[in-house]
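Coordinates from coords-v4.tsv are shown below (TSV, C-alpha atoms).
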chain	number	residue	atom	x	y	z
A	1	MET	CA	-14.88	9.67	-8.49
A	2	LYS	CA	-12.11	11.73	-10.04
A	3	VAL	CA	-8.80	10.21	-8.97
A	4	PHE	CA	-5.39	11.87	-9.18
A	5	LEU	CA	-2.57	9.36	-9.73
A	6	THR	CA	1.17	9.83	-9.43
A	7	GLY	CA	3.44	7.24	-11.05
A	8	PRO	CA	0.88	6.17	-13.65
A	9	ASP	CA	3.22	4.55	-16.17
A	10	GLY	CA	5.12	1.98	-14.10
A	11	LEU	CA	4.12	-1.65	-13.58
A	12	LEU	CA	1.67	-0.83	-10.79
A	13	GLY	CA	0.48	2.49	-12.20
A	14	SER	CA	-0.27	1.06	-15.66
A	15	ASN	CA	-2.48	-1.60	-14.11
A	16	LEU	CA	-4.05	0.88	-11.70
A	17	VAL	CA	-5.12	3.20	-14.52
A	18	ARG	CA	-6.86	0.36	-16.36
A	19	LEU	CA	-8.71	-0.90	-13.29
A	20	LEU	CA	-9.77	2.62	-12.29
A	21	LEU	CA	-11.25	3.18	-15.75
A	22	ALA	CA	-12.93	-0.22	-15.71
A	23	GLU	CA	-14.66	0.70	-12.43
A	24	GLY	CA	-15.92	3.99	-13.86
A	25	HIS	CA	-13.51	6.42	-12.25
A	26	ALA	CA	-12.08	9.44	-14.06
A	27	VAL	CA	-8.28	9.49	-13.96
A	28	LYS	CA	-5.98	12.49	-13.91
A	29	ALA	CA	-2.37	11.30	-14.16
A	30	LEU	CA	0.82	13.18	-13.31
A	31	VAL	CA	3.38	12.32	-16.00
A	32	TYR	CA	7.01	13.34	-15.63
A	33	PRO	CA	8.08	15.83	-18.34
A	34	GLY	CA	9.64	14.02	-21.28
A	35	SER	CA	8.39	10.60	-20.18
A	36	GLN	CA	7.19	8.49	-23.11
A	37	SER	CA	4.59	6.64	-20.98
A	38	LYS	CA	4.01	4.03	-23.68
A	39	THR	CA	1.97	1.75	-21.43
A	40	ILE	CA	-0.76	4.38	-20.97
A	41	ASP	CA	-0.53	6.24	-24.30
A	42	ASP	CA	-3.89	5.23	-25.74
A	43	LEU	CA	-5.99	5.33	-22.57
A	44	PRO	CA	-8.83	7.85	-22.07
A	45	ILE	CA	-7.26	9.71	-19.16
A	46	GLU	CA	-6.27	13.31	-18.49
A	47	LYS	CA	-2.49	13.61	-18.46
A	48	VAL	CA	-0.75	16.48	-16.71
A	49	SER	CA	2.95	17.05	-17.25
A	50	GLY	CA	4.59	17.77	-13.92
A	51	ASP	CA	7.12	16.92	-11.27
A	52	ILE	CA	6.21	15.65	-7.80
A	53	LEU	CA	9.06	17.83	-6.49
A	54	ASP	CA	7.44	21.04	-7.82
A	55	TYR	CA	4.83	21.71	-5.15
A	56	GLU	CA	3.01	24.59	-6.78
A	57	SER	CA	2.49	22.75	-10.05
A	58	LEU	CA	1.40	19.65	-8.14
A	59	LEU	CA	-1.16	21.70	-6.23
A	60	VAL	CA	-2.60	23.08	-9.45
A	61	ALA	CA	-2.68	19.64	-11.10
A	62	MET	CA	-4.38	17.98	-8.11
A	63	ASN	CA	-7.09	20.62	-7.79
A	64	GLY	CA	-10.58	19.34	-8.58
A	65	CYS	CA	-9.86	15.70	-7.70
A	66	GLU	CA	-11.73	13.79	-5.01
A	67	ALA	CA	-9.03	11.25	-4.20
A	68	VAL	CA	-5.27	10.83	-4.61
A	69	ILE	CA	-3.28	7.65	-5.17
A	70	HIS	CA	0.38	8.37	-4.59
A	71	ALA	CA	2.26	5.57	-6.36
A	72	ALA	CA	5.27	7.49	-7.70
A	73	ALA	CA	8.57	6.25	-6.29
A	74	ASN	CA	12.24	5.83	-7.06
A	75	THR	CA	12.80	2.08	-6.66
A	76	SER	CA	16.49	2.05	-7.59
A	77	VAL	CA	18.80	-0.23	-5.63
A	78	TRP	CA	21.86	1.05	-7.52
A	79	PRO	CA	23.50	3.22	-6.52
A	80	THR	CA	22.69	2.08	-3.02
A	81	LYS	CA	22.91	5.68	-1.80
A	82	SER	CA	21.45	8.62	-3.72
A	83	PRO	CA	19.87	11.97	-2.78
A	84	LYS	CA	17.51	11.54	-5.77
A	85	ILE	CA	15.90	8.53	-4.08
A	86	TRP	CA	15.22	10.53	-0.92
A	87	ASP	CA	13.90	13.49	-2.92
A	88	ILE	CA	11.27	11.41	-4.73
A	89	ASN	CA	10.31	9.04	-1.93
A	90	VAL	CA	10.28	11.48	0.96
A	91	LYS	CA	10.09	15.06	-0.32
A	92	GLY	CA	7.67	13.99	-3.06
A	93	THR	CA	5.49	12.24	-0.50
A	94	GLN	CA	5.53	15.33	1.71
A	95	HIS	CA	4.37	17.43	-1.24
A	96	ALA	CA	1.51	15.01	-1.93
A	97	ILE	CA	0.47	15.16	1.72
A	98	ASP	CA	0.58	18.95	1.82
A	99	ALA	CA	-1.50	19.25	-1.36
A	100	VAL	CA	-4.13	16.79	-0.12
A	101	VAL	CA	-4.48	18.70	3.15
A	102	GLU	CA	-4.50	22.13	1.51
A	103	LEU	CA	-7.13	21.12	-1.06
A	104	GLY	CA	-9.29	19.21	1.42
A	105	ILE	CA	-9.24	16.03	-0.66
A	106	LYS	CA	-11.38	13.21	0.80
A	107	ARG	CA	-8.98	10.28	0.59
A	108	MET	CA	-5.32	9.57	-0.08
A	109	VAL	CA	-3.90	6.12	-0.71
A	110	HIS	CA	-0.15	6.03	-0.25
A	111	VAL	CA	1.82	3.18	-1.82
A	112	SER	CA	4.68	2.15	0.45
A	113	SER	CA	6.54	-1.18	0.53
A	114	ALA	CA	6.34	-4.43	2.47
A	115	SER	CA	10.02	-3.83	3.29
A	116	SER	CA	8.81	-1.28	5.84
A	117	PHE	CA	8.12	-4.31	8.04
A	118	THR	CA	10.53	-7.05	9.07
A	119	HIS	CA	9.90	-10.21	7.06
A	120	GLY	CA	9.29	-13.56	8.69
A	121	SER	CA	9.38	-17.29	8.04
A	122	LEU	CA	6.87	-19.62	6.40
A	123	ASP	CA	5.54	-20.53	9.84
A	124	GLN	CA	5.52	-16.95	11.11
A	125	PRO	CA	5.40	-14.56	8.15
A	126	GLY	CA	5.89	-10.85	8.74
A	127	ASP	CA	2.84	-8.68	9.18
A	128	GLU	CA	1.90	-5.06	9.91
A	129	THR	CA	2.85	-5.40	13.59
A	130	ALA	CA	6.49	-6.22	12.79
A	131	PRO	CA	9.02	-3.42	13.35
A	132	PHE	CA	11.15	-1.86	10.63
A	133	GLY	CA	14.40	-3.74	10.10
A	134	GLY	CA	15.44	-2.47	6.70
A	135	ASP	CA	18.27	-0.25	7.94
A	136	GLN	CA	20.56	-3.31	8.04
A	137	TYR	CA	20.85	-3.35	4.23
A	138	GLY	CA	22.24	0.12	3.62
A	139	LEU	CA	19.78	0.81	0.79
A	140	ASP	CA	18.34	4.29	0.45
A	141	TYR	CA	15.33	2.82	-1.37
A	142	ILE	CA	14.17	0.80	1.64
A	143	GLU	CA	15.01	3.48	4.20
A	144	SER	CA	13.37	6.26	2.19
A	145	LYS	CA	10.16	4.28	1.62
A	146	TYR	CA	9.90	3.71	5.35
A	147	ALA	CA	10.57	7.38	6.02
A	148	GLY	CA	7.83	8.31	3.54
A	149	GLN	CA	5.43	5.96	5.31
A	150	GLN	CA	6.28	7.55	8.64
A	151	ILE	CA	5.49	11.06	7.47
A	152	VAL	CA	2.14	9.88	6.12
A	153	GLN	CA	1.27	8.34	9.48
A	154	ARG	CA	2.47	11.45	11.29
A	155	ALA	CA	0.27	13.63	9.08
A	156	VAL	CA	-2.71	11.38	9.83
A	157	ALA	CA	-2.17	11.86	13.55
A	158	GLU	CA	-1.25	15.54	13.55
A	159	ARG	CA	-3.01	17.04	10.52
A	160	GLY	CA	-6.03	14.83	9.97
A	161	LEU	CA	-4.71	13.44	6.68
A	162	PRO	CA	-7.32	10.94	5.40
A	163	ALA	CA	-4.75	8.40	4.24
A	164	VAL	CA	-4.55	4.62	3.97
A	165	ILE	CA	-1.20	2.93	3.30
A	166	ILE	CA	-0.66	-0.03	0.97
A	167	ASN	CA	2.55	-2.10	1.27
A	168	PRO	CA	3.04	-4.31	-1.83
A	169	THR	CA	5.30	-7.34	-1.88
A	170	TYR	CA	6.96	-8.62	-5.11
A	171	MET	CA	4.55	-7.78	-7.94
A	172	ILE	CA	4.26	-9.72	-11.20
A	173	GLY	CA	2.11	-8.91	-14.22
A	174	ALA	CA	1.76	-7.17	-17.57
A	175	PHE	CA	2.93	-3.66	-18.56
A	176	ASP	CA	6.31	-4.05	-16.84
A	177	SER	CA	8.08	-1.87	-19.37
A	178	LEU	CA	11.46	-1.44	-17.67
A	179	PRO	CA	11.23	-4.41	-16.85
A	180	SER	CA	11.32	-4.18	-13.05
A	181	SER	CA	10.26	-7.24	-11.06
A	182	GLY	CA	9.62	-9.06	-14.34
A	183	LYS	CA	13.34	-9.13	-15.04
A	184	LEU	CA	13.52	-12.46	-13.18
A	185	LEU	CA	11.03	-13.99	-15.60
A	186	VAL	CA	12.70	-12.47	-18.67
A	187	ASN	CA	16.15	-13.73	-17.64
A	188	LEU	CA	14.80	-17.19	-16.85
A	189	ALA	CA	13.02	-17.40	-20.21
A	190	LYS	CA	16.29	-16.40	-21.93
A	191	LYS	CA	18.15	-19.07	-19.92
A	192	LYS	CA	20.28	-16.47	-18.18
A	193	LEU	CA	19.65	-17.79	-14.65
A	194	PRO	CA	22.10	-20.65	-14.04
A	195	GLY	CA	21.15	-21.19	-10.41
A	196	TYR	CA	18.95	-20.32	-7.46
A	197	THR	CA	19.72	-19.07	-3.97
A	198	SER	CA	18.41	-20.23	-0.61
A	199	GLY	CA	15.98	-17.35	-0.11
A	200	GLY	CA	12.47	-16.53	-1.21
A	201	LYS	CA	9.81	-13.83	-1.36
A	202	ASN	CA	6.12	-13.14	-1.12
A	203	PHE	CA	4.84	-12.93	-4.70
A	204	VAL	CA	1.63	-11.20	-5.80
A	205	TYR	CA	-0.34	-10.46	-8.97
A	206	VAL	CA	-0.01	-6.75	-9.70
A	207	LYS	CA	-3.73	-6.48	-10.53
A	208	ASP	CA	-4.59	-7.75	-7.06
A	209	VAL	CA	-2.45	-4.98	-5.56
A	210	ALA	CA	-4.14	-2.44	-7.83
A	211	GLN	CA	-7.55	-3.71	-6.73
A	212	ALA	CA	-6.59	-3.39	-3.06
A	213	ILE	CA	-5.51	0.20	-3.69
A	214	ILE	CA	-8.78	1.05	-5.45
A	215	ASN	CA	-10.77	-0.63	-2.67
A	216	ALA	CA	-8.83	1.50	-0.17
A	217	LEU	CA	-10.46	4.58	-1.68
A	218	THR	CA	-13.59	3.58	0.22
A	219	MET	CA	-12.45	0.76	2.55
A	220	GLY	CA	-9.82	0.35	5.22
A	221	ARG	CA	-8.96	2.34	8.31
A	222	VAL	CA	-7.32	5.74	8.04
A	223	GLY	CA	-3.70	5.63	9.18
A	224	GLU	CA	-3.45	1.85	8.85
A	225	CYS	CA	-0.96	-0.12	6.75
A	226	TYR	CA	-1.96	-3.10	4.63
A	227	ILE	CA	0.56	-5.60	3.25
A	228	ALA	CA	-0.61	-6.37	-0.29
A	229	GLY	CA	0.78	-9.81	-1.00
A	230	ASN	CA	-0.22	-13.36	-1.75
A	231	VAL	CA	1.95	-16.49	-1.73
A	232	ASN	CA	5.33	-17.21	-0.13
A	233	HIS	CA	7.69	-19.18	-2.38
A	234	SER	CA	11.39	-19.99	-2.30
A	235	TYR	CA	13.31	-18.96	-5.39
A	236	GLN	CA	13.64	-22.61	-6.35
A	237	GLU	CA	9.85	-22.98	-6.23
A	238	ILE	CA	9.03	-19.78	-8.14
A	239	PHE	CA	11.62	-20.59	-10.82
A	240	HIS	CA	9.98	-23.97	-11.39
A	241	ILE	CA	6.61	-22.25	-11.86
A	242	MET	CA	8.12	-19.65	-14.21
A	243	ALA	CA	9.98	-22.31	-16.17
A	244	LYS	CA	6.76	-24.24	-16.73
A	245	VAL	CA	5.08	-21.13	-18.15
A	246	ALA	CA	8.08	-20.23	-20.31
A	247	GLN	CA	8.57	-23.86	-21.37
A	248	VAL	CA	12.25	-23.93	-20.41
A	249	SER	CA	14.22	-25.95	-17.88
A	250	PRO	CA	14.41	-24.40	-14.40
A	251	PRO	CA	17.79	-23.48	-12.89
A	252	LYS	CA	19.34	-26.55	-11.24
A	253	LEU	CA	22.39	-25.12	-9.49
A	254	ALA	CA	21.99	-24.26	-5.79
A	255	VAL	CA	24.24	-21.24	-5.13
A	256	PRO	CA	25.74	-21.29	-1.60
A	257	ASP	CA	25.00	-18.25	0.56
A	258	ALA	CA	28.69	-17.54	1.15
A	259	LEU	CA	29.40	-17.47	-2.59
A	260	MET	CA	26.41	-15.19	-3.16
A	261	GLN	CA	27.71	-12.73	-0.57
A	262	ILE	CA	31.15	-12.70	-2.20
A	263	ILE	CA	29.58	-12.05	-5.62
A	264	GLY	CA	27.55	-9.22	-4.12
A	265	ARG	CA	30.58	-7.52	-2.59
A	266	ILE	CA	32.58	-7.87	-5.81
A	267	SER	CA	29.68	-6.45	-7.85
A	268	THR	CA	29.39	-3.48	-5.50
A	269	GLY	CA	33.09	-2.73	-5.82
A	270	TRP	CA	33.04	-3.10	-9.59
A	271	GLY	CA	30.03	-0.80	-9.92
A	272	LYS	CA	31.72	1.91	-7.88
A	273	LEU	CA	35.02	1.67	-9.75
A	274	ALA	CA	33.44	1.52	-13.21
A	275	ARG	CA	30.73	4.03	-12.30
A	276	LYS	CA	28.20	1.82	-14.06
A	277	ASP	CA	24.96	0.18	-13.03
A	278	SER	CA	25.69	-3.05	-11.22
A	279	PRO	CA	23.39	-6.04	-11.84
A	280	MET	CA	23.83	-6.95	-8.19
A	281	ASN	CA	25.23	-5.45	-4.99
A	282	HIS	CA	25.93	-6.48	-1.42
A	283	ALA	CA	22.35	-5.71	-0.37
A	284	THR	CA	20.57	-7.56	-3.17
A	285	ALA	CA	22.89	-10.52	-2.63
A	286	LYS	CA	21.80	-10.57	1.01
A	287	PHE	CA	18.14	-10.42	-0.05
A	288	ALA	CA	18.69	-13.43	-2.28
A	289	CYS	CA	19.73	-15.49	0.73
A	290	GLU	CA	16.82	-14.49	2.96
A	291	SER	CA	13.27	-15.80	3.17
A	292	GLN	CA	11.31	-12.56	2.92
A	293	TYR	CA	7.89	-13.91	3.72
A	294	TYR	CA	4.78	-11.89	4.63
A	295	SER	CA	1.12	-12.37	5.46
A	296	PRO	CA	-1.53	-10.48	3.42
A	297	GLN	CA	-4.43	-11.45	5.70
A	298	LYS	CA	-5.19	-7.93	6.92
A	299	ALA	CA	-5.54	-6.64	3.33
A	300	VAL	CA	-7.63	-9.67	2.37
A	301	GLN	CA	-9.99	-9.18	5.30
A	302	GLU	CA	-10.31	-5.38	5.43
A	303	LEU	CA	-9.75	-4.39	1.79
A	304	LYS	CA	-11.26	-7.48	0.14
A	305	MET	CA	-7.99	-7.94	-1.74
A	306	PRO	CA	-8.19	-10.77	-4.32
A	307	GLN	CA	-5.71	-13.66	-4.20
A	308	THR	CA	-5.24	-14.69	-7.81
A	309	PRO	CA	-3.00	-17.75	-8.27
A	310	ILE	CA	0.54	-16.60	-8.99
A	311	GLU	CA	0.63	-18.91	-12.03
A	312	ALA	CA	-1.93	-16.63	-13.72
A	313	ALA	CA	0.19	-13.57	-12.96
A	314	ILE	CA	3.30	-15.20	-14.42
A	315	GLN	CA	1.42	-16.30	-17.53
A	316	GLU	CA	0.07	-12.79	-18.12
A	317	ALA	CA	3.50	-11.25	-17.61
A	318	TYR	CA	5.14	-13.79	-19.91
A	319	ASP	CA	2.58	-13.23	-22.67
A	320	TRP	CA	3.07	-9.46	-22.43
A	321	PHE	CA	6.86	-9.77	-22.58
A	322	VAL	CA	6.61	-12.00	-25.66
A	323	GLU	CA	4.12	-9.70	-27.36
A	324	ASN	CA	6.38	-6.71	-26.71
A	325	GLU	CA	9.54	-8.54	-27.78
A	326	TYR	CA	11.33	-8.63	-24.44
A	327	ILE	CA	11.48	-12.39	-24.90
Structure re-expressed in structure tokens:
Amino acid sequence: MKVFLTGPDGLLGSNLVRLLLAEGHAVKALVYPGSQSKTIDDLPIEKVSGDILDYESLLVAMNGCEAVIHAAANTSVWPTKSPKIWDINVKGTQHAIDAVVELGIKRMVHVSSASSFTHGSLDQPGDETAPFGGDQYGLDYIESKYAGQQIVQRAVAERGLPAVIINPTYMIGAFDSLPSSGKLLVNLAKKKLPGYTSGGKNFVYVKDVAQAIINALTMGRVGECYIAGNVNHSYQEIFHIMAKVAQVSPPKLAVPDALMQIIGRISTGWGKLARKDSPMNHATAKFACESQYYSPQKAVQELKMPQTPIEAAIQEAYDWFVENEYI
């Protein structure tokens, strides 16, 4: 089918485009004006220059497509508060919804975040039945992604929007050009991570998330959320795996939670005073001390989501970073 994709040049979007093409779909991608989009430059797709916040141009660009994957998002965690984040993640999502309904498009897959559900422990990982608990962090990114998810579900109930929602966890893989989540791997390979904190995350191969999204074009229940994840690891565990791939020594210093919180508060204050991007803030410091574990079983069962070993994801990401001179 002909698929319209927002956010085609990020980590997830770059992998999505390649898998869509490999499965025989035609791709029409919305590229922000002036964006270099190096990760998708040479691919046989139709690119349309446009802004998700310009509804009329979005409507024109989306016309003629059979399905929409809405992956565009502002994932910034600094500054912690920003109207731009809400504009992209909520107003942009509303525009995508309105265009899908107006054009009568058959299926929309909305990319949300696993943070829209409260995380759990290793014994009881968070799932799609868990309530939202992200308002405790004071991050517009988390709150706006949840708000965007809510308006999708409301449109399903009230307007007949044919949407399925995908909630990725921490994605790792190639084409991470910022880098985004791959920054952990890059810093570890450069020996810039002296220690590890007490927390952990659910880690997933970005191609597995992309496959779940593509499967959701024809699978899954309308209005339902699907956590797209894989394995739960502490930071100490994942750093050991990364270090083995990068052939460096893993961080050996265990950073106490109290010290991490102090560093986070100092970094937040410094960032505000200096008006510069802060490498950490009070919220990300809190994340680092929490075990943010999730279960992907619903996505595995209903969307046939693959579960590639995370070692393969890390190896692919590492090779890409080396090839592109990040490492």
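With all atoms listed in the file as the basis for measurement, A:Lys207 is the residue among A:Lys191, A:Lys106, A:Lys91, A:Lys207 that approaches Gly13 in chain A most closely.
Residue nearest Ser115 in chain A, chosen from A:Val300, A:Ile227, A:Met219, A:Val27 and counting all atoms listed in the file: A:Ile227.
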_Residues near range 177-179 of chain A, cut-off 9 Å, only C-alpha atoms, skip fewer than 5 positions along chain, as a PyMOL selection string_ = chain A and resi 9-11+38-39+186+321+324+326
*Best match for closeness to Pro79 in chain A among A:Asn167, A:Ser180, A:Thr284, A:Gln94, counting all atoms listed in the file*: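 That would be A:Thr284, the residue with the smallest distance to Pro79 in chain A.
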_Ser121 in chain A environment, 10 Å, all atoms listed in the file, sequence neighbours closer than 2 positions dropped, as number ranges by chain_ = A: 119, 123-126, 200, 232, 290-295
*Identify which of the residues A:Val68, A:Ala22, A:Ile52, A:Leu188 lies closest to Lys252 in chain A, counting all atoms listed in the file when measuring atom-to-atom distances.*
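The shortest atom-to-atom distance to Lys252 in chain A comes from A:Leu188.
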*Residue contacts of Asn15 in chain A (12 Å, all atoms listed in the file) excluding same-chain residues fewer than 2 positions away, as a PyMOL selection string*: chain A and resi 5+7-13+17-22+39-40+43+71+171-177+205-214+317
_Separation of CA of Val164 in chain A from CA of Val109 in chain A in Å_ = 5.0 Å
*asked:* I'd like the contact shell of Asn281 in chain A - 6 Å cut-off, all atoms listed in the file, skipping same-chain residues fewer than 2 positions apart - returned as a ChimeraX atom specification.
replied: /A:264,267-268,283-284
_Counting all atoms listed in the file, which residue out of A:Ala243, A:Ala285, A:Leu30, A:Val101 sits closest to Tyr318 in chain A?_
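Of A:Ala243, A:Ala285, A:Leu30, A:Val101, the one nearest Tyr318 in chain A is A:Ala243, counting all atoms listed in the file.
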Some atoms are missing, so please complete range 84-114 of chain A with N, CA and C atoms and return it as a PDB file, keeping the file's coordinate frame.
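As a result, part_18.pdb now contains:
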ATOM      1  N   LYS A  84      18.682  11.547  -4.889  1.00  0.00           N
ATOM      2  CA  LYS A  84      17.510  11.540  -5.770  1.00  0.00           C
ATOM      3  C   LYS A  84      16.430  10.605  -5.214  1.00  0.00           C
ATOM      4  N   ILE A  85      16.857   9.495  -4.645  1.00  0.00           N
ATOM      5  CA  ILE A  85      15.900   8.530  -4.080  1.00  0.00           C
ATOM      6  C   ILE A  85      15.147   9.169  -2.929  1.00  0.00           C
ATOM      7  N   TRP A  86      15.852   9.870  -2.060  1.00  0.00           N
ATOM      8  CA  TRP A  86      15.220  10.530  -0.920  1.00  0.00           C
ATOM      9  C   TRP A  86      14.306  11.663  -1.381  1.00  0.00           C
ATOM     10  N   ASP A  87      14.736  12.385  -2.409  1.00  0.00           N
ATOM     11  CA  ASP A  87      13.900  13.490  -2.920  1.00  0.00           C
ATOM     12  C   ASP A  87      12.536  12.966  -3.369  1.00  0.00           C
ATOM     13  N   ILE A  88      12.529  11.936  -4.198  1.00  0.00           N
ATOM     14  CA  ILE A  88      11.270  11.410  -4.730  1.00  0.00           C
ATOM     15  C   ILE A  88      10.432  10.755  -3.637  1.00  0.00           C
ATOM     16  N   ASN A  89      11.063   9.881  -2.851  1.00  0.00           N
ATOM     17  CA  ASN A  89      10.310   9.040  -1.930  1.00  0.00           C
ATOM     18  C   ASN A  89       9.914   9.729  -0.630  1.00  0.00           C
ATOM     19  N   VAL A  90      10.621  10.782  -0.281  1.00  0.00           N
ATOM     20  CA  VAL A  90      10.280  11.480   0.960  1.00  0.00           C
ATOM     21  C   VAL A  90       9.755  12.891   0.677  1.00  0.00           C
ATOM     22  N   LYS A  91      10.552  13.701  -0.011  1.00  0.00           N
ATOM     23  CA  LYS A  91      10.090  15.060  -0.320  1.00  0.00           C
ATOM     24  C   LYS A  91       8.849  15.024  -1.213  1.00  0.00           C
ATOM     25  N   GLY A  92       8.837  14.117  -2.193  1.00  0.00           N
ATOM     26  CA  GLY A  92       7.670  13.990  -3.060  1.00  0.00           C
ATOM     27  C   GLY A  92       6.439  13.576  -2.289  1.00  0.00           C
ATOM     28  N   THR A  93       6.611  12.660  -1.346  1.00  0.00           N
ATOM     29  CA  THR A  93       5.490  12.240  -0.500  1.00  0.00           C
ATOM     30  C   THR A  93       4.995  13.387   0.365  1.00  0.00           C
ATOM     31  N   GLN A  94       5.928  14.174   0.903  1.00  0.00           N
ATOM     32  CA  GLN A  94       5.530  15.330   1.710  1.00  0.00           C
ATOM     33  C   GLN A  94       4.719  16.323   0.881  1.00  0.00           C
ATOM     34  N   HIS A  95       5.116  16.534  -0.353  1.00  0.00           N
ATOM     35  CA  HIS A  95       4.370  17.430  -1.240  1.00  0.00           C
ATOM     36  C   HIS A  95       2.952  16.909  -1.488  1.00  0.00           C
ATOM     37  N   ALA A  96       2.841  15.596  -1.710  1.00  0.00           N
ATOM     38  CA  ALA A  96       1.510  15.010  -1.930  1.00  0.00           C
ATOM     39  C   ALA A  96       0.631  15.190  -0.695  1.00  0.00           C
ATOM     40  N   ILE A  97       1.206  14.971   0.464  1.00  0.00           N
ATOM     41  CA  ILE A  97       0.470  15.160   1.720  1.00  0.00           C
ATOM     42  C   ILE A  97      -0.006  16.602   1.857  1.00  0.00           C
ATOM     43  N   ASP A  98       0.907  17.532   1.654  1.00  0.00           N
ATOM     44  CA  ASP A  98       0.580  18.950   1.820  1.00  0.00           C
ATOM     45  C   ASP A  98      -0.537  19.372   0.864  1.00  0.00           C
ATOM     46  N   ALA A  99      -0.477  18.884  -0.374  1.00  0.00           N
ATOM     47  CA  ALA A  99      -1.500  19.250  -1.360  1.00  0.00           C
ATOM     48  C   ALA A  99      -2.860  18.662  -0.993  1.00  0.00           C
ATOM     49  N   VAL A 100      -2.874  17.421  -0.533  1.00  0.00           N
ATOM     50  CA  VAL A 100      -4.130  16.790  -0.120  1.00  0.00           C
ATOM     51  C   VAL A 100      -4.773  17.559   1.023  1.00  0.00           C
ATOM     52  N   VAL A 101      -3.962  17.939   1.996  1.00  0.00           N
ATOM     53  CA  VAL A 101      -4.480  18.700   3.150  1.00  0.00           C
ATOM     54  C   VAL A 101      -4.952  20.078   2.719  1.00  0.00           C
ATOM     55  N   GLU A 102      -4.148  20.769   1.927  1.00  0.00           N
ATOM     56  CA  GLU A 102      -4.500  22.130   1.510  1.00  0.00           C
ATOM     57  C   GLU A 102      -5.777  22.160   0.676  1.00  0.00           C
ATOM     58  N   LEU A 103      -5.968  21.149  -0.169  1.00  0.00           N
ATOM     59  CA  LEU A 103      -7.130  21.120  -1.060  1.00  0.00           C
ATOM     60  C   LEU A 103      -8.356  20.457  -0.414  1.00  0.00           C
ATOM     61  N   GLY A 104      -8.171  19.860   0.744  1.00  0.00           N
ATOM     62  CA  GLY A 104      -9.290  19.210   1.420  1.00  0.00           C
ATOM     63  C   GLY A 104      -9.779  17.960   0.706  1.00  0.00           C
ATOM     64  N   ILE A 105      -8.879  17.236   0.082  1.00  0.00           N
ATOM     65  CA  ILE A 105      -9.240  16.030  -0.660  1.00  0.00           C
ATOM     66  C   ILE A 105      -9.680  14.927   0.314  1.00  0.00           C
ATOM     67  N   LYS A 106     -10.689  14.143  -0.105  1.00  0.00           N
ATOM     68  CA  LYS A 106     -11.380  13.210   0.800  1.00  0.00           C
ATOM     69  C   LYS A 106     -10.572  11.977   1.175  1.00  0.00           C
ATOM     70  N   ARG A 107      -9.724  11.510   0.293  1.00  0.00           N
ATOM     71  CA  ARG A 107      -8.980  10.280   0.590  1.00  0.00           C
ATOM     72  C   ARG A 107      -7.655  10.251  -0.167  1.00  0.00           C
ATOM     73  N   MET A 108      -6.621   9.803   0.532  1.00  0.00           N
ATOM     74  CA  MET A 108      -5.320   9.570  -0.080  1.00  0.00           C
ATOM     75  C   MET A 108      -4.920   8.124   0.177  1.00  0.00           C
ATOM     76  N   VAL A 109      -4.468   7.450  -0.866  1.00  0.00           N
ATOM     77  CA  VAL A 109      -3.900   6.120  -0.710  1.00  0.00           C
ATOM     78  C   VAL A 109      -2.423   6.217  -1.051  1.00  0.00           C
ATOM     79  N   HIS A 110      -1.598   5.930  -0.071  1.00  0.00           N
ATOM     80  CA  HIS A 110      -0.150   6.030  -0.250  1.00  0.00           C
ATOM     81  C   HIS A 110       0.430   4.642  -0.453  1.00  0.00           C
ATOM     82  N   VAL A 111       1.201   4.471  -1.524  1.00  0.00           N
ATOM     83  CA  VAL A 111       1.820   3.180  -1.820  1.00  0.00           C
ATOM     84  C   VAL A 111       3.223   3.153  -1.212  1.00  0.00           C
ATOM     85  N   SER A 112       3.399   2.311  -0.223  1.00  0.00           N
ATOM     86  CA  SER A 112       4.680   2.150   0.450  1.00  0.00           C
ATOM     87  C   SER A 112       5.318   0.848  -0.015  1.00  0.00           C
ATOM     88  N   SER A 113       5.888   0.082   0.884  1.00  0.00           N
ATOM     89  CA  SER A 113       6.540  -1.180   0.530  1.00  0.00           C
ATOM     90  C   SER A 113       6.451  -2.137   1.710  1.00  0.00           C
ATOM     91  N   ALA A 114       6.346  -3.418   1.408  1.00  0.00           N
ATOM     92  CA  ALA A 114       6.340  -4.430   2.470  1.00  0.00           C
ATOM     93  C   ALA A 114       7.661  -4.422   3.237  1.00  0.00           C
TER      94      ALA A 114
END
